[in-house]
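Novice: My file is protein.csv. It has CSV, C-alpha atoms:
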```
chain,number,residue,atom,x,y,z
A,81,MET,CA,11.8,-34.8,-3.6
A,82,LYS,CA,14.0,-34.0,-0.5
A,83,PHE,CA,12.5,-33.8,2.9
A,84,GLU,CA,13.7,-30.2,3.3
A,85,THR,CA,11.9,-29.2,0.1
A,86,ILE,CA,8.7,-30.8,1.3
A,87,ILE,CA,8.9,-28.8,4.6
A,88,PHE,CA,9.6,-25.6,2.6
A,89,LEU,CA,6.6,-26.1,0.3
A,90,PHE,CA,4.3,-27.0,3.2
A,91,SER,CA,5.4,-23.9,5.1
A,92,PHE,CA,4.8,-21.7,2.1
A,93,LEU,CA,1.3,-23.0,1.7
A,94,LEU,CA,0.5,-22.4,5.3
A,95,LEU,CA,1.6,-18.8,4.9
A,96,SER,CA,-0.1,-18.2,1.6
A,97,GLU,CA,-3.5,-19.8,2.1
A,98,ALA,CA,-6.4,-17.8,3.6
A,99,SER,CA,-7.4,-18.1,7.2
A,100,PRO,CA,-11.3,-17.8,7.3
A,101,THR,CA,-11.2,-15.8,10.6
A,102,ASP,CA,-9.3,-12.8,9.0
A,103,VAL,CA,-11.5,-12.4,5.9
A,104,ILE,CA,-14.4,-9.8,6.0
A,105,VAL,CA,-15.8,-10.1,2.5
A,106,THR,CA,-14.7,-11.9,-0.7
A,107,GLU,CA,-15.5,-11.3,-4.4
A,108,ASN,CA,-14.7,-13.7,-7.2
A,109,ASN,CA,-13.8,-13.5,-10.9
A,110,VAL,CA,-12.2,-10.1,-10.6
A,111,GLN,CA,-9.9,-9.1,-13.4
A,112,GLY,CA,-6.2,-8.8,-12.3
A,113,THR,CA,-3.6,-7.1,-14.4
A,114,TYR,CA,0.2,-6.4,-14.2
A,115,TRP,CA,0.9,-2.8,-12.9
A,116,SER,CA,4.6,-2.1,-12.7
A,117,ALA,CA,7.8,-3.3,-11.1
A,118,SER,CA,7.1,-1.5,-7.9
A,119,THR,CA,4.5,0.9,-6.4
A,120,ASP,CA,4.9,4.7,-5.9
A,121,ALA,CA,3.0,7.2,-3.8
A,122,GLY,CA,0.1,6.7,-6.1
A,123,GLY,CA,-3.5,7.7,-5.6
A,124,CYS,CA,-3.4,6.8,-1.9
A,125,SER,CA,-0.3,8.7,-0.9
A,126,MET,CA,0.7,6.0,1.6
A,127,PRO,CA,3.0,7.2,4.4
A,128,SER,CA,6.4,5.8,5.3
A,129,GLY,CA,6.5,3.3,8.1
A,130,SER,CA,7.4,-0.2,9.3
A,131,TYR,CA,5.4,-2.2,6.8
A,132,VAL,CA,4.9,-5.9,7.5
A,133,VAL,CA,2.9,-6.4,4.3
A,134,LEU,CA,5.3,-6.0,1.3
A,135,ASP,CA,3.0,-6.7,-1.6
A,136,ALA,CA,0.8,-3.9,-3.1
A,137,LEU,CA,-1.9,-3.2,-5.6
A,138,ALA,CA,-3.9,-0.5,-7.3
A,139,LEU,CA,-7.7,-0.9,-6.8
A,140,GLY,CA,-10.2,-0.1,-9.5
A,141,GLN,CA,-14.0,0.1,-9.8
A,142,SER,CA,-14.9,-3.0,-11.8
A,143,THR,CA,-18.5,-4.2,-11.1
A,144,LYS,CA,-16.9,-7.6,-10.3
A,145,LEU,CA,-15.5,-6.1,-7.1
A,146,GLY,CA,-18.9,-5.5,-5.7
A,147,PRO,CA,-18.6,-3.6,-2.4
A,148,LEU,CA,-14.8,-3.7,-2.7
A,149,ALA,CA,-14.8,-1.4,-5.7
A,150,PHE,CA,-12.5,1.5,-4.9
A,151,GLN,CA,-13.5,4.1,-2.4
A,152,PRO,CA,-11.0,6.3,-0.5
A,153,LYS,CA,-11.7,4.3,2.7
A,154,TYR,CA,-10.0,1.3,1.1
A,155,CYS,CA,-6.6,3.0,0.9
A,156,GLY,CA,-4.1,1.2,3.2
A,157,GLN,CA,-6.4,-1.8,3.8
A,158,VAL,CA,-4.9,-5.2,3.2
A,159,LEU,CA,-6.6,-7.3,0.5
A,160,ARG,CA,-5.9,-11.0,0.0
A,161,VAL,CA,-5.7,-11.9,-3.7
A,162,ASN,CA,-5.5,-15.2,-5.5
A,163,CYS,CA,-5.0,-15.0,-9.3
A,164,GLY,CA,-4.7,-18.7,-10.0
A,165,LYS,CA,-1.8,-20.0,-8.0
A,166,ASN,CA,-1.1,-18.6,-4.5
A,167,SER,CA,-2.9,-16.3,-2.1
A,168,VAL,CA,-1.0,-13.0,-1.4
A,169,ASN,CA,-1.8,-10.3,1.1
A,170,ALA,CA,-1.4,-6.9,-0.5
A,171,VAL,CA,-1.8,-3.2,0.6
A,172,VAL,CA,-4.1,-1.0,-1.4
A,173,ALA,CA,-1.5,1.6,-2.4
A,174,SER,CA,-3.0,3.3,-5.4
A,175,THR,CA,-6.0,3.6,-7.7
A,176,CYS,CA,-6.7,2.2,-11.2
A,177,ASN,CA,-8.9,3.9,-13.8
A,178,ILE,CA,-11.2,5.7,-11.4
A,179,GLY,CA,-14.5,6.6,-13.0
A,180,SER,CA,-14.4,3.6,-15.2
A,181,THR,CA,-15.3,-0.1,-14.6
A,182,SER,CA,-12.5,-1.3,-16.8
A,183,CYS,CA,-10.0,-2.1,-13.9
A,184,GLY,CA,-10.3,-4.7,-11.1
A,185,ILE,CA,-6.9,-5.0,-9.4
A,186,ASP,CA,-3.5,-3.9,-10.8
A,187,LEU,CA,-0.6,-5.7,-9.2
A,188,ILE,CA,3.1,-4.9,-8.8
A,189,GLN,CA,5.6,-7.3,-10.3
A,190,ARG,CA,6.4,-9.1,-7.0
A,191,THR,CA,2.7,-9.7,-6.2
A,192,TRP,CA,1.8,-10.7,-9.8
A,193,LYS,CA,4.6,-13.3,-9.9
A,194,ILE,CA,3.6,-14.9,-6.6
A,195,THR,CA,-0.2,-15.0,-7.1
A,196,THR,CA,-0.1,-16.1,-10.8
A,197,GLY,CA,2.8,-18.5,-10.4
A,198,ASN,CA,5.1,-16.5,-12.6
A,199,LYS,CA,2.7,-16.0,-15.5
A,200,PRO,CA,3.9,-13.4,-18.1
A,201,PRO,CA,2.4,-9.9,-17.6
A,202,GLY,CA,-1.2,-9.9,-18.8
A,203,ILE,CA,-4.7,-10.6,-17.4
A,204,SER,CA,-5.8,-13.2,-14.9
A,205,SER,CA,-9.0,-14.0,-13.0
A,206,CYS,CA,-8.7,-13.4,-9.3
A,207,THR,CA,-10.4,-13.8,-6.0
A,208,VAL,CA,-10.2,-10.7,-3.8
A,209,SER,CA,-10.9,-10.5,-0.1
A,210,LEU,CA,-10.9,-7.7,2.4
A,211,THR,CA,-9.0,-8.8,5.5
A,212,THR,CA,-8.5,-7.7,9.1
A,213,LEU,CA,-4.7,-7.7,8.6
A,214,ASN,CA,-2.7,-4.5,9.2
A,215,PRO,CA,-0.1,-3.1,6.8
A,216,PHE,CA,2.2,-1.7,9.6
A,217,THR,CA,3.9,-3.3,12.6
A,218,GLY,CA,1.6,-3.4,15.6
A,219,SER,CA,-2.0,-4.2,16.3
A,220,THR,CA,-3.5,-0.8,17.1
A,221,PRO,CA,-4.6,2.1,14.7
A,222,LEU,CA,-1.9,4.6,13.8
A,223,CYS,CA,-2.5,8.3,12.9
A,224,PHE,CA,-0.3,9.9,10.2
A,225,TYR,CA,0.2,13.3,8.6
A,226,ARG,CA,-0.1,13.0,4.8
A,227,PRO,CA,3.4,12.9,3.2
A,228,ASN,CA,4.7,16.3,2.1
A,229,SER,CA,1.9,18.1,3.9
A,230,GLU,CA,2.6,21.2,6.1
A,231,PHE,CA,3.1,19.6,9.5
A,232,ASN,CA,3.6,22.9,11.2
A,233,ASN,CA,0.6,24.6,9.8
A,234,ASN,CA,-1.8,25.1,12.7
A,235,TYR,CA,-4.6,26.3,10.5
A,236,TYR,CA,-4.7,23.3,8.1
A,237,LYS,CA,-4.1,19.6,8.7
A,238,LEU,CA,-4.1,16.6,6.5
A,239,LEU,CA,-4.5,13.4,8.5
A,240,SER,CA,-5.5,9.8,8.2
A,241,VAL,CA,-5.5,6.6,10.3
A,242,TYR,CA,-4.1,3.2,9.3
A,243,ASN,CA,-3.7,-0.3,10.9
A,244,THR,CA,-7.5,-0.4,11.6
A,245,SER,CA,-7.8,-4.2,11.3
A,246,GLY,CA,-10.1,-3.9,8.4
A,247,LYS,CA,-12.3,-1.2,9.9
A,248,LEU,CA,-13.3,1.5,7.4
A,249,VAL,CA,-13.4,5.2,8.3
A,250,LYS,CA,-16.8,6.8,8.0
A,251,LYS,CA,-15.9,10.4,9.2
A,252,ALA,CA,-13.3,12.4,11.0
A,253,THR,CA,-13.3,15.5,13.2
A,254,LEU,CA,-10.5,17.7,14.6
A,255,ASP,CA,-11.6,19.8,17.6
A,256,GLY,CA,-15.2,19.3,16.4
A,257,ILE,CA,-14.4,20.5,12.9
A,258,ALA,CA,-15.6,17.9,10.3
A,259,GLY,CA,-12.9,16.8,7.9
A,260,SER,CA,-13.4,16.3,4.2
A,261,ILE,CA,-11.6,13.9,1.9
A,262,SER,CA,-8.7,15.5,0.1
A,263,SER,CA,-7.4,12.5,-1.8
A,264,GLY,CA,-6.9,8.9,-0.9
A,265,ASN,CA,-8.1,8.3,2.7
A,266,TRP,CA,-6.7,11.7,3.9
A,267,TYR,CA,-8.9,14.1,5.7
A,268,GLN,CA,-8.3,17.8,5.5
A,269,PHE,CA,-9.2,20.1,8.3
A,270,ASN,CA,-9.4,23.9,8.2
A,271,ALA,CA,-9.2,25.7,11.5
A,272,GLY,CA,-10.7,29.0,10.3
A,273,SER,CA,-9.8,32.0,12.5
A,274,LYS,CA,-8.8,29.9,15.5
A,275,PRO,CA,-5.7,27.8,15.0
A,276,PHE,CA,-5.4,24.2,16.2
A,277,SER,CA,-3.2,23.8,19.3
A,278,SER,CA,-1.0,21.2,20.9
A,279,THR,CA,-4.0,19.7,22.6
A,280,SER,CA,-6.2,19.5,19.5
A,281,LYS,CA,-7.8,16.0,19.2
A,282,VAL,CA,-8.7,14.2,16.0
A,283,ILE,CA,-11.4,11.5,16.2
A,284,PHE,CA,-11.8,9.0,13.4
A,285,THR,CA,-15.2,7.2,13.5
A,286,PHE,CA,-15.5,3.8,11.8
A,287,GLU,CA,-18.4,2.3,10.1
A,288,ASP,CA,-19.1,0.0,13.0
A,289,GLY,CA,-19.5,3.0,15.3
A,290,SER,CA,-16.2,2.6,17.2
A,291,ASN,CA,-13.5,5.3,17.0
A,292,ALA,CA,-9.8,6.1,17.4
A,293,SER,CA,-8.6,9.4,18.8
A,294,TYR,CA,-5.3,11.2,18.9
A,295,VAL,CA,-3.8,14.4,20.1
A,296,VAL,CA,-2.4,16.2,17.1
A,297,THR,CA,1.1,17.6,17.5
A,298,SER,CA,3.0,19.8,15.1
```
Would you mind writing the file out in structure tokens?

Specialist:
Amino acid sequence: MKFETIIFLFSFLLLSEASPTDVIVTENNVQGTYWSASTDAGGCSMPSGSYVVLDALALGQSTKLGPLAFQPKYCGQVLRVNCGKNSVNAVVASTCNIGSTSCGIDLIQRTWKITTGNKPPGISSCTVSLTTLNPFTGSTPLCFYRPNSEFNNNYYKLLSVYNTSGKLVKKATLDGIAGSISSGNWYQFNAGSKPFSSTSKVIFTFEDGSNASYVVTS
């Protein structure tokens, strides 16, 4: 084996193996399946942006996932999966068979090939970890309007926060008005008779008690 090949393989292993410091919780023996050639807007309606994590998966509600079974708060989080060959970081971009325990993780083609070592599409046993990694460029939380929502509607807003370093959103308010989950991890806010303004502030509160706030502009 050539020296250059050895260096390449060593570098790949360094990139693909888990770093214990960025893992929050891990579940084993989760069923992994092949999803499709690529992801789409899916159940999470992920926004456009400068993604640094290029792999993706759909998350189900298999009992093997334990606390990682799909809930809206997992949309946009980065999971590390290993389905027999290599560890891969993948964004939760969609949902799989919600309301049933039949699905663990459903992987796009690129992710399936890497983590299984090019196995034919099918079923594989996987280890799944929630990480502190972010899907987008940068290290701070980012607020987004939901794709295709009415950005200029000052009586109704659909907002979410990503790049939370593994922190999970517990609730959100806009000018003191509590948001409700619309779909995915998107919170909808109804202004009522008084419209939101250029100084309206949305506050996302995480499960650990910390929060991230933003002035909402149309």

Novice: Compile the contact shell of Arg160 (chain A) as a PDB file with C-alpha atoms, in the frame of the given file: residues with an atom at most 12 Å away, counting all atoms listed in the file, same-chain residues fewer than 4 positions apart removed.

Specialist:
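Dumped to result_11.pdb:
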```pdb
ATOM      1  CA  LEU A  95       1.600 -18.800   4.900  1.00  0.00           C
ATOM      2  CA  SER A  96      -0.100 -18.200   1.600  1.00  0.00           C
ATOM      3  CA  GLU A  97      -3.500 -19.800   2.100  1.00  0.00           C
ATOM      4  CA  ALA A  98      -6.400 -17.800   3.600  1.00  0.00           C
ATOM      5  CA  SER A  99      -7.400 -18.100   7.200  1.00  0.00           C
ATOM      6  CA  PRO A 100     -11.300 -17.800   7.300  1.00  0.00           C
ATOM      7  CA  ASP A 102      -9.300 -12.800   9.000  1.00  0.00           C
ATOM      8  CA  VAL A 103     -11.500 -12.400   5.900  1.00  0.00           C
ATOM      9  CA  ILE A 104     -14.400  -9.800   6.000  1.00  0.00           C
ATOM     10  CA  VAL A 105     -15.800 -10.100   2.500  1.00  0.00           C
ATOM     11  CA  THR A 106     -14.700 -11.900  -0.700  1.00  0.00           C
ATOM     12  CA  GLU A 107     -15.500 -11.300  -4.400  1.00  0.00           C
ATOM     13  CA  ASN A 108     -14.700 -13.700  -7.200  1.00  0.00           C
ATOM     14  CA  VAL A 133       2.900  -6.400   4.300  1.00  0.00           C
ATOM     15  CA  ASP A 135       3.000  -6.700  -1.600  1.00  0.00           C
ATOM     16  CA  ALA A 136       0.800  -3.900  -3.100  1.00  0.00           C
ATOM     17  CA  LEU A 137      -1.900  -3.200  -5.600  1.00  0.00           C
ATOM     18  CA  LEU A 148     -14.800  -3.700  -2.700  1.00  0.00           C
ATOM     19  CA  ASN A 166      -1.100 -18.600  -4.500  1.00  0.00           C
ATOM     20  CA  SER A 167      -2.900 -16.300  -2.100  1.00  0.00           C
ATOM     21  CA  VAL A 168      -1.000 -13.000  -1.400  1.00  0.00           C
ATOM     22  CA  ASN A 169      -1.800 -10.300   1.100  1.00  0.00           C
ATOM     23  CA  ALA A 170      -1.400  -6.900  -0.500  1.00  0.00           C
ATOM     24  CA  VAL A 171      -1.800  -3.200   0.600  1.00  0.00           C
ATOM     25  CA  VAL A 172      -4.100  -1.000  -1.400  1.00  0.00           C
ATOM     26  CA  ILE A 185      -6.900  -5.000  -9.400  1.00  0.00           C
ATOM     27  CA  LEU A 187      -0.600  -5.700  -9.200  1.00  0.00           C
ATOM     28  CA  THR A 191       2.700  -9.700  -6.200  1.00  0.00           C
ATOM     29  CA  THR A 195      -0.200 -15.000  -7.100  1.00  0.00           C
ATOM     30  CA  CYS A 206      -8.700 -13.400  -9.300  1.00  0.00           C
ATOM     31  CA  THR A 207     -10.400 -13.800  -6.000  1.00  0.00           C
ATOM     32  CA  VAL A 208     -10.200 -10.700  -3.800  1.00  0.00           C
ATOM     33  CA  SER A 209     -10.900 -10.500  -0.100  1.00  0.00           C
ATOM     34  CA  LEU A 210     -10.900  -7.700   2.400  1.00  0.00           C
ATOM     35  CA  THR A 211      -9.000  -8.800   5.500  1.00  0.00           C
ATOM     36  CA  THR A 212      -8.500  -7.700   9.100  1.00  0.00           C
ATOM     37  CA  LEU A 213      -4.700  -7.700   8.600  1.00  0.00           C
ATOM     38  CA  ASN A 214      -2.700  -4.500   9.200  1.00  0.00           C
ATOM     39  CA  PRO A 215      -0.100  -3.100   6.800  1.00  0.00           C
ATOM     40  CA  GLY A 246     -10.100  -3.900   8.400  1.00  0.00           C
TER      41      GLY A 246
END
```

Novice: Please measure the separation of CA of Asn109 (chain A) and CA of Gly197 (chain A), giving the value in Å to one decimal.

Specialist: 17.3 Å

Novice: Kindly extract all protein, DNA and RNA residues lying within 8 Å of the coordinates (2.8, -5.9, -8.6) given in the file, considering only C-alpha atoms, and supply them as a PyMOL selection string.

Specialist: chain A and resi 114-119+135-137+186-193

Novice: Report, in Å to a single decimal, how far apart CA of Pro275 (chain A) and CA of Leu222 (chain A) are.

Specialist: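 Result for CA of Leu222 (chain A) versus CA of Pro275 (chain A): 23.5 Å, one decimal.
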